[in-house]
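Chemist: Sending over final.cif (mmCIF, C-alpha atoms).
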```
data_entry
#
loop_
_atom_site.group_PDB
_atom_site.id
_atom_site.type_symbol
_atom_site.label_atom_id
_atom_site.label_comp_id
_atom_site.auth_asym_id
_atom_site.auth_seq_id
_atom_site.Cartn_x
_atom_site.Cartn_y
_atom_site.Cartn_z
ATOM 1 C CA MET A 1 127.257 50.532 150.922
ATOM 2 C CA THR A 2 127.057 53.733 148.896
ATOM 3 C CA LEU A 3 128.938 53.854 145.630
ATOM 4 C CA ALA A 4 131.942 56.154 145.551
ATOM 5 C CA THR A 5 130.333 58.077 142.689
ATOM 6 C CA ASP A 6 127.075 58.741 144.535
ATOM 7 C CA ARG A 7 127.549 59.898 148.104
ATOM 8 C CA GLU A 8 127.892 62.910 150.337
ATOM 9 C CA THR A 9 131.294 64.207 151.389
ATOM 10 C CA LEU A 10 133.065 61.588 153.481
ATOM 11 C CA ALA A 11 134.240 62.372 156.994
ATOM 12 C CA MET A 12 137.968 62.389 157.642
ATOM 13 C CA LEU A 13 139.476 59.522 159.557
ATOM 14 C CA PRO A 14 140.083 60.333 163.239
ATOM 15 C CA SER A 15 143.453 61.878 164.031
ATOM 16 C CA LYS A 16 143.566 59.722 167.175
ATOM 17 C CA PRO A 17 141.918 56.394 166.313
ATOM 18 C CA THR A 18 140.923 53.946 169.029
ATOM 19 C CA ASP A 19 142.673 50.603 169.422
ATOM 20 C CA GLU A 20 139.705 48.957 167.706
ATOM 21 C CA GLN A 21 139.917 51.357 164.765
ATOM 22 C CA ARG A 22 143.664 50.764 164.455
ATOM 23 C CA ALA A 23 143.055 47.019 164.360
ATOM 24 C CA VAL A 24 140.547 47.486 161.517
ATOM 25 C CA TYR A 25 143.064 49.630 159.609
ATOM 26 C CA VAL A 26 145.695 46.904 159.826
ATOM 27 C CA GLU A 27 143.280 44.181 158.728
ATOM 28 C CA ARG A 28 142.244 46.217 155.679
ATOM 29 C CA ILE A 29 145.871 46.740 154.684
ATOM 30 C CA ILE A 30 146.703 43.051 155.060
ATOM 31 C CA ASP A 31 143.552 42.053 153.182
ATOM 32 C CA MET A 32 144.577 44.252 150.254
ATOM 33 C CA TYR A 33 148.116 42.871 150.347
ATOM 34 C CA ARG A 34 146.788 39.309 150.195
ATOM 35 C CA ARG A 35 144.972 40.137 146.961
ATOM 36 C CA ALA A 36 148.310 40.816 145.261
ATOM 37 C CA THR A 37 149.444 38.619 142.405
ATOM 38 C CA PRO A 38 153.105 37.516 142.302
ATOM 39 C CA ALA A 39 153.726 40.164 139.623
ATOM 40 C CA GLN A 40 152.180 42.884 141.795
ATOM 41 C CA ILE A 41 154.300 41.823 144.759
ATOM 42 C CA LEU A 42 157.460 42.009 142.652
ATOM 43 C CA ALA A 43 156.440 45.425 141.315
ATOM 44 C CA GLY A 44 155.851 46.725 144.832
ATOM 45 C CA GLN A 45 159.099 45.277 146.147
ATOM 46 C CA ASP A 46 161.043 47.097 143.426
ATOM 47 C CA TRP A 47 159.147 50.388 143.566
ATOM 48 C CA TYR A 48 161.445 52.294 145.931
ATOM 49 C CA PRO A 49 164.657 50.548 144.784
ATOM 50 C CA ALA A 50 163.807 51.705 141.248
ATOM 51 C CA ALA A 51 163.240 55.248 142.497
ATOM 52 C CA HIS A 52 166.538 54.996 144.386
ATOM 53 C CA ARG A 53 168.291 54.063 141.152
ATOM 54 C CA LEU A 54 166.814 57.167 139.540
ATOM 55 C CA ALA A 55 168.118 59.290 142.419
ATOM 56 C CA THR A 56 171.652 57.979 141.880
ATOM 57 C CA GLU A 57 171.620 59.619 138.429
ATOM 58 C CA TYR A 58 172.050 62.938 140.218
ATOM 59 C CA GLY A 59 175.447 61.898 141.583
ATOM 60 C CA ASP A 60 174.480 62.603 145.190
ATOM 61 C CA THR A 61 171.743 60.049 145.880
ATOM 62 C CA ARG A 62 170.417 61.761 148.991
ATOM 63 C CA ARG A 63 169.944 65.077 147.228
ATOM 64 C CA GLY A 64 168.641 63.310 144.128
ATOM 65 C CA ALA A 65 165.985 61.673 146.289
ATOM 66 C CA GLY A 66 165.129 65.045 147.774
ATOM 67 C CA ILE A 67 164.670 66.622 144.367
ATOM 68 C CA ILE A 68 162.405 63.783 143.230
ATOM 69 C CA ALA A 69 160.312 64.099 146.385
ATOM 70 C CA ALA A 70 160.127 67.893 146.167
ATOM 71 C CA LEU A 71 158.652 67.620 142.666
ATOM 72 C CA SER A 72 156.247 64.762 143.429
ATOM 73 C CA ALA A 73 153.185 66.659 144.666
ATOM 74 C CA ASN A 74 150.147 66.276 142.387
ATOM 75 C CA LYS A 75 152.233 64.617 139.677
ATOM 76 C CA GLY A 76 152.078 61.128 138.244
ATOM 77 C CA TRP A 77 155.283 59.127 138.455
ATOM 78 C CA GLY A 78 156.157 59.594 134.781
ATOM 79 C CA GLU A 79 155.859 63.364 135.055
ATOM 80 C CA ASN A 80 157.731 63.306 138.364
ATOM 81 C CA ILE A 81 160.634 61.530 136.650
ATOM 82 C CA ARG A 82 160.663 64.043 133.794
ATOM 83 C CA LEU A 83 160.686 67.042 136.137
ATOM 84 C CA ALA A 84 163.352 65.478 138.359
ATOM 85 C CA ARG A 85 165.701 64.731 135.480
ATOM 86 C CA GLN A 86 165.467 68.267 134.164
ATOM 87 C CA ALA A 87 166.052 69.577 137.717
ATOM 88 C CA PHE A 88 169.111 67.325 138.012
ATOM 89 C CA ASN A 89 170.459 69.435 135.157
ATOM 90 C CA GLY A 90 169.546 72.727 136.816
ATOM 91 C CA VAL A 91 166.326 73.360 134.886
ATOM 92 C CA PHE A 92 163.324 74.238 137.042
ATOM 93 C CA TYR A 93 159.905 74.675 135.434
ATOM 94 C CA GLY A 94 156.626 72.821 135.004
ATOM 95 C CA HIS A 95 155.454 72.805 138.616
ATOM 96 C CA PHE A 96 154.216 75.115 141.371
ATOM 97 C CA ALA A 97 156.692 77.724 142.553
ATOM 98 C CA ASP A 98 156.920 76.171 146.027
ATOM 99 C CA ALA A 99 157.888 72.746 144.669
ATOM 100 C CA LEU A 100 160.373 74.231 142.216
ATOM 101 C CA GLY A 101 161.854 76.393 144.953
ATOM 102 C CA LYS A 102 162.416 73.388 147.214
ATOM 103 C CA ALA A 103 164.004 71.415 144.391
ATOM 104 C CA ARG A 104 166.277 74.346 143.551
ATOM 105 C CA ARG A 105 167.376 74.739 147.187
ATOM 106 C CA ILE A 106 168.312 71.055 147.353
ATOM 107 C CA HIS A 107 170.107 71.296 143.998
ATOM 108 C CA GLU A 108 172.087 74.240 145.358
ATOM 109 C CA GLY A 109 173.280 72.227 148.357
ATOM 110 C CA GLU A 110 170.720 72.315 151.173
ATOM 111 C CA ASP A 111 170.011 69.030 152.888
ATOM 112 C CA PRO A 112 166.577 67.679 151.914
ATOM 113 C CA ALA A 113 165.667 67.089 155.559
ATOM 114 C CA ASN A 114 165.989 70.846 156.133
ATOM 115 C CA VAL A 115 163.874 71.721 153.089
ATOM 116 C CA LEU A 116 161.060 69.160 152.927
ATOM 117 C CA PRO A 117 158.154 68.672 155.376
ATOM 118 C CA MET A 118 159.504 65.537 157.048
ATOM 119 C CA GLY A 119 156.383 64.666 159.043
ATOM 120 C CA THR A 120 154.119 64.114 156.055
ATOM 121 C CA LYS A 121 154.100 62.454 152.626
ATOM 122 C CA THR A 122 156.838 64.399 150.854
ATOM 123 C CA GLY A 123 159.375 63.856 153.609
ATOM 124 C CA HIS A 124 158.595 60.171 153.904
ATOM 125 C CA PHE A 125 158.783 59.810 150.107
ATOM 126 C CA PHE A 126 162.276 61.292 150.243
ATOM 127 C CA GLN A 127 163.294 58.867 152.996
ATOM 128 C CA CYS A 128 161.949 55.824 151.146
ATOM 129 C CA ILE A 129 163.786 56.805 147.966
ATOM 130 C CA ALA A 130 167.038 57.695 149.734
ATOM 131 C CA ASP A 131 166.997 54.423 151.684
ATOM 132 C CA PRO A 132 164.496 51.781 150.491
ATOM 133 C CA ALA A 133 165.400 49.686 153.557
ATOM 134 C CA ASP A 134 164.361 52.443 155.993
ATOM 135 C CA PRO A 135 162.434 50.583 158.735
ATOM 136 C CA ASP A 136 160.190 53.499 159.669
ATOM 137 C CA ALA A 137 159.350 55.705 156.674
ATOM 138 C CA VAL A 138 156.049 55.035 154.912
ATOM 139 C CA VAL A 139 154.355 57.104 152.224
ATOM 140 C CA ILE A 140 150.688 57.800 152.929
ATOM 141 C CA ASP A 141 149.101 59.090 149.749
ATOM 142 C CA ARG A 142 145.436 59.013 148.751
ATOM 143 C CA HIS A 143 145.617 55.335 147.812
ATOM 144 C CA ALA A 144 147.265 54.287 151.079
ATOM 145 C CA HIS A 145 144.673 56.329 152.958
ATOM 146 C CA ASP A 146 141.695 54.906 151.062
ATOM 147 C CA VAL A 147 142.779 51.321 151.714
ATOM 148 C CA VAL A 148 142.820 52.055 155.439
ATOM 149 C CA ALA A 149 139.496 53.897 155.215
ATOM 150 C CA GLY A 150 137.960 51.001 153.308
ATOM 151 C CA MET A 151 136.521 53.235 150.598
ATOM 152 C CA LYS A 152 137.456 55.573 147.795
ATOM 153 C CA TYR A 153 137.396 59.234 148.817
ATOM 154 C CA GLY A 154 137.672 60.595 145.302
ATOM 155 C CA SER A 155 138.334 64.332 145.463
ATOM 156 C CA ASP A 156 137.302 64.646 149.124
ATOM 157 C CA ASP A 157 139.827 66.067 151.570
ATOM 158 C CA ARG A 158 141.558 63.271 153.474
ATOM 159 C CA GLY A 159 143.202 65.564 156.010
ATOM 160 C CA LEU A 160 146.662 64.128 155.439
ATOM 161 C CA LYS A 161 148.332 67.447 156.205
ATOM 162 C CA SER A 162 147.555 66.706 159.849
ATOM 163 C CA PRO A 163 150.698 65.123 161.355
ATOM 164 C CA LEU A 164 148.584 63.154 163.848
ATOM 165 C CA ARG A 165 146.281 61.691 161.202
ATOM 166 C CA TYR A 166 149.223 60.927 158.934
ATOM 167 C CA ALA A 167 151.096 59.223 161.775
ATOM 168 C CA SER A 168 148.082 57.129 162.784
ATOM 169 C CA ILE A 169 147.743 55.744 159.234
ATOM 170 C CA ALA A 170 151.497 55.243 158.888
ATOM 171 C CA ASP A 171 151.483 53.308 162.166
ATOM 172 C CA ALA A 172 148.894 50.930 160.705
ATOM 173 C CA TYR A 173 151.258 50.134 157.824
ATOM 174 C CA ARG A 174 154.115 49.654 160.283
ATOM 175 C CA ALA A 175 151.983 47.230 162.297
ATOM 176 C CA GLY A 176 150.981 45.401 159.128
ATOM 177 C CA GLY A 177 154.614 45.222 158.066
ATOM 178 C CA LYS A 178 155.566 43.621 161.368
ATOM 179 C CA ARG A 179 152.846 41.009 160.943
ATOM 180 C CA LEU A 180 154.016 40.201 157.428
ATOM 181 C CA SER A 181 157.751 40.480 158.215
ATOM 182 C CA MET A 182 158.484 43.320 155.786
ATOM 183 C CA THR A 183 159.280 47.004 155.952
ATOM 184 C CA PRO A 184 156.238 49.300 155.934
ATOM 185 C CA SER A 185 157.414 50.896 152.688
ATOM 186 C CA VAL A 186 157.365 47.543 150.860
ATOM 187 C CA LEU A 187 153.910 46.771 152.249
ATOM 188 C CA GLN A 188 152.654 50.204 151.226
ATOM 189 C CA ALA A 189 154.141 49.883 147.742
ATOM 190 C CA VAL A 190 152.583 46.465 147.103
ATOM 191 C CA VAL A 191 149.222 47.661 148.424
ATOM 192 C CA TRP A 192 149.535 50.757 146.219
ATOM 193 C CA VAL A 193 150.100 48.590 143.135
ATOM 194 C CA VAL A 194 147.068 46.430 143.948
ATOM 195 C CA ALA A 195 144.802 49.392 144.762
ATOM 196 C CA THR A 196 145.733 51.374 141.665
ATOM 197 C CA ASP A 197 145.307 48.303 139.445
ATOM 198 C CA LEU A 198 141.852 47.742 140.937
ATOM 199 C CA ALA A 199 140.955 51.387 140.368
ATOM 200 C CA ARG A 200 141.993 51.193 136.719
ATOM 201 C CA ASN A 201 139.984 48.031 136.174
ATOM 202 C CA SER A 202 136.758 49.175 137.882
ATOM 203 C CA ARG A 203 134.407 51.985 136.907
ATOM 204 C CA ALA A 204 133.333 52.490 140.517
ATOM 205 C CA LEU A 205 134.421 50.685 143.661
ATOM 206 C CA VAL A 206 132.357 49.981 146.740
ATOM 207 C CA GLY A 207 133.887 50.753 150.118
ATOM 208 C CA ILE A 208 135.063 48.542 152.977
ATOM 209 C CA SER A 209 134.484 44.810 152.330
ATOM 210 C CA GLY A 210 133.494 45.353 148.696
ATOM 211 C CA TRP A 211 136.625 47.209 147.542
ATOM 212 C CA GLY A 212 137.406 46.035 144.037
ATOM 213 C CA VAL A 213 134.877 43.217 144.171
ATOM 214 C CA GLU A 214 131.496 44.816 143.569
ATOM 215 C CA VAL A 215 131.453 47.050 140.514
ATOM 216 C CA ALA A 216 128.815 49.610 139.573
ATOM 217 C CA THR A 217 126.776 48.606 136.566
#
```
Have the structure of the file written as C-alpha cells, please.
Modeler:
Amino acid sequence: MTLATDRETLAMLPSKPTDEQRAVYVERIIDMYRRATPAQILAGQDWYPAAHRLATEYGDTRRGAGIIAALSANKGWGENIRLARQAFNGVFYGHFADALGKARRIHEGEDPANVLPMGTKTGHFFQCIADPADPDAVVIDRHAHDVVAGMKYGSDDRGLKSPLRYASIADAYRAGGKRLSMTPSVLQAVVWVVATDLARNSRALVGISGWGVEVAT
C-alpha cells in the first residue's frame, strides 16, 4: 500500500457505491470504532452534547447551533468556538464573507434550516448540535470520509459537496450505528476522536487495513 505522503491524486469514492462497497465502508467504520479506548468513547459520546451546551449560551439553542455551524467551515473547533461566541454578541469578523453572512442572518432571526446547506456537512453539523439525539444527522468531514475510504486523502478533493456521495457515506455510519445500537452521530464522533488521535500520533498512515498501525520510517 502506498504511503499517504507518496502517491498520485486519489480517486473520489463513488457517488453510488455498490452493496459490496457499502458493506466495506461499514466494516471500516466499525473497525475504527473498536480501536477506541474507554476515554475516547466517552469523549465521542460527549462531543455533540458539549457543542449543544455551547449553543445554549446564545439563549436560543437552535439559532446558537446554526451560528456555530455557519462558522465551522475550515476552522478548528477552538477557533469555531471563538468565532461563535463573538457572533453571539453580534460581532462578525475573522472568516469568509459567506460564512459571516450566514451567521449574521441567523443572528438576525432567520431559521438555520433556511440559511445553511442542509444536505451536506454544515447542515448536518447544525442538526447534531441542535439535537445530539437526532437519529439521522451525521457529520461527514474529511476524517469521517477517510475512515470509510480506508486511507488518508490529505489535501485531495473528496467530493463531499456532492449530495449523493455525502449521503452514501452518511448511510454507512447510519448502518454502523444500527449494528452497534447507537446514533450515527455518536458513532461518527467516537470514530473522529480515534482517527484524529491516530493522525496526531503517526507521521504517515498507510491506507485500508494498515490505518494507524504501519507508520512510515
Chemist: Which range 85-186 of chain A residues have any atom within 12 Å of an atom of range 16-20 of chain A, and for each, what is the nearest pair of atoms with distance in Å to one decimal, counting only C-alpha atoms, rows sorted by chain and number, as CSV?
Modeler:
```
residue,atom,partner,partner_atom,distance
A:Val148,CA,A:Pro17,CA,11.7
A:Ala149,CA,A:Pro17,CA,11.6
A:Ser162,CA,A:Lys16,CA,10.9
A:Pro163,CA,A:Lys16,CA,10.7
A:Leu164,CA,A:Lys16,CA,6.9
A:Arg165,CA,A:Lys16,CA,6.9
A:Tyr166,CA,A:Lys16,CA,10.1
A:Ala167,CA,A:Lys16,CA,9.3
A:Ser168,CA,A:Lys16,CA,6.8
A:Ile169,CA,A:Pro17,CA,9.2
A:Asp171,CA,A:Pro17,CA,10.9
A:Ala172,CA,A:Pro17,CA,10.5
```
Chemist: So which residues touch Leu116 in chain A within 8 Å, counting all atoms listed in the file, skipping near sequence neighbours fewer than 4 positions away, as a list of chain:residue names?
Modeler: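 The residues that qualify are A:Gly66, A:Ala70, A:Lys102, A:Pro112, A:Thr122, A:Gly123.
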Chemist: Just checking: using only C-alpha atoms, which residue out of A:His143, A:Leu198, A:Gln86, A:Arg158 ends up closest to Thr37 in chain A?
Modeler: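 Between A:His143, A:Leu198, A:Gln86, A:Arg158, the residue approaching Thr37 in chain A most closely is A:Leu198.
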Chemist: Hey, what comes out of the PyMOL selection byres ((chain A and resi 127-130) around 8) on this file? Could you write it as a count of residues only?
Modeler: 21
Chemist: So, counting only C-alpha atoms, which residue among A:Gln40, A:Ile30, A:Tyr58, A:Ser155 is closest to Lys178 in chain A?
Modeler: A:Ile30
Chemist: Take the PyMOL selection byres ((chain A and resi 104-110) around 8), apply it to the structure above, and return the hits as a list in words.
Modeler: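 With the PyMOL selection byres ((chain A and resi 104-110) around 8) on this model, the match is Arg63, Gly66, Ile67, Ala87, Phe88, Gly90, Phe92, Leu100, Gly101, Lys102, Ala103, Asp111, Pro112, Asn114 and Val115 of chain A.
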Chemist: Suppose you want the space between CA of Ala97 in chain A and CA of Asp156 in chain A; what is it in Å?
Modeler: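 Between these atoms lies a distance of 24.3 Å.
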Chemist: May I ask which of the residues A:Ala50, A:Leu71, A:Ile41, A:Met118 is the closest one to Val186 in chain A, counting all atoms listed in the file?
Modeler: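 Of A:Ala50, A:Leu71, A:Ile41, A:Met118, the one nearest Val186 in chain A is A:Ile41, counting all atoms listed in the file.
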Chemist: May I ask for the distance between CA of Phe96 in chain A and CA of Ala113 in chain A, given in Å to one decimal place?
Modeler: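 For CA of Phe96 in chain A relative to CA of Ala113 in chain A, the distance reads 19.9 Å.
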Chemist: Which distance in Å separates CA of Ser72 in chain A and CA of Ile140 in chain A, to one decimal?
Modeler: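 Straight-line distance from CA of Ser72 in chain A to CA of Ile140 in chain A works out to 13.0 Å.
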Chemist: Which residue, A:Tyr93, A:Asp157, A:Val26, A:Asp136, has the smallest gap to Leu13 in chain A when you use all atoms listed in the file?
Modeler: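 Between A:Tyr93, A:Asp157, A:Val26, A:Asp136, the residue approaching Leu13 in chain A most closely is A:Asp157.
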Chemist: Could you list the residues chosen by the PyMOL selection byres ((chain A and resi 191) around 12) in this structure as a PDB file with C-alpha atoms, in the coordinates of the input?
Modeler:
```
ATOM      1  CA  VAL A  26     145.695  46.904 159.826  1.00  0.00           C
ATOM      2  CA  ARG A  28     142.244  46.217 155.679  1.00  0.00           C
ATOM      3  CA  ILE A  29     145.871  46.740 154.684  1.00  0.00           C
ATOM      4  CA  ILE A  30     146.703  43.051 155.060  1.00  0.00           C
ATOM      5  CA  ASP A  31     143.552  42.053 153.182  1.00  0.00           C
ATOM      6  CA  MET A  32     144.577  44.252 150.254  1.00  0.00           C
ATOM      7  CA  TYR A  33     148.116  42.871 150.347  1.00  0.00           C
ATOM      8  CA  ARG A  34     146.788  39.309 150.195  1.00  0.00           C
ATOM      9  CA  ARG A  35     144.972  40.137 146.961  1.00  0.00           C
ATOM     10  CA  ALA A  36     148.310  40.816 145.261  1.00  0.00           C
ATOM     11  CA  THR A  37     149.444  38.619 142.405  1.00  0.00           C
ATOM     12  CA  GLN A  40     152.180  42.884 141.795  1.00  0.00           C
ATOM     13  CA  ILE A  41     154.300  41.823 144.759  1.00  0.00           C
ATOM     14  CA  LEU A  42     157.460  42.009 142.652  1.00  0.00           C
ATOM     15  CA  ALA A  43     156.440  45.425 141.315  1.00  0.00           C
ATOM     16  CA  GLY A  44     155.851  46.725 144.832  1.00  0.00           C
ATOM     17  CA  GLN A  45     159.099  45.277 146.147  1.00  0.00           C
ATOM     18  CA  TRP A  47     159.147  50.388 143.566  1.00  0.00           C
ATOM     19  CA  VAL A 138     156.049  55.035 154.912  1.00  0.00           C
ATOM     20  CA  VAL A 139     154.355  57.104 152.224  1.00  0.00           C
ATOM     21  CA  ILE A 140     150.688  57.800 152.929  1.00  0.00           C
ATOM     22  CA  ASP A 141     149.101  59.090 149.749  1.00  0.00           C
ATOM     23  CA  ARG A 142     145.436  59.013 148.751  1.00  0.00           C
ATOM     24  CA  HIS A 143     145.617  55.335 147.812  1.00  0.00           C
ATOM     25  CA  ALA A 144     147.265  54.287 151.079  1.00  0.00           C
ATOM     26  CA  HIS A 145     144.673  56.329 152.958  1.00  0.00           C
ATOM     27  CA  ASP A 146     141.695  54.906 151.062  1.00  0.00           C
ATOM     28  CA  VAL A 147     142.779  51.321 151.714  1.00  0.00           C
ATOM     29  CA  VAL A 148     142.820  52.055 155.439  1.00  0.00           C
ATOM     30  CA  TYR A 173     151.258  50.134 157.824  1.00  0.00           C
ATOM     31  CA  GLY A 176     150.981  45.401 159.128  1.00  0.00           C
ATOM     32  CA  GLY A 177     154.614  45.222 158.066  1.00  0.00           C
ATOM     33  CA  PRO A 184     156.238  49.300 155.934  1.00  0.00           C
ATOM     34  CA  SER A 185     157.414  50.896 152.688  1.00  0.00           C
ATOM     35  CA  VAL A 186     157.365  47.543 150.860  1.00  0.00           C
ATOM     36  CA  LEU A 187     153.910  46.771 152.249  1.00  0.00           C
ATOM     37  CA  GLN A 188     152.654  50.204 151.226  1.00  0.00           C
ATOM     38  CA  ALA A 189     154.141  49.883 147.742  1.00  0.00           C
ATOM     39  CA  VAL A 190     152.583  46.465 147.103  1.00  0.00           C
ATOM     40  CA  TRP A 192     149.535  50.757 146.219  1.00  0.00           C
ATOM     41  CA  VAL A 193     150.100  48.590 143.135  1.00  0.00           C
ATOM     42  CA  VAL A 194     147.068  46.430 143.948  1.00  0.00           C
ATOM     43  CA  ALA A 195     144.802  49.392 144.762  1.00  0.00           C
ATOM     44  CA  THR A 196     145.733  51.374 141.665  1.00  0.00           C
ATOM     45  CA  ASP A 197     145.307  48.303 139.445  1.00  0.00           C
ATOM     46  CA  LEU A 198     141.852  47.742 140.937  1.00  0.00           C
TER      47      LEU A 198
END
```
Chemist: With all atoms listed in the file as the counted atoms, please give the residues lying no more than 9 Å from Arg85 in chain A, apart from itself and same-chain residues fewer than 5 positions off, as a PyMOL selection string.
Modeler: chain A and resi 54+57-58+68+80+90-91
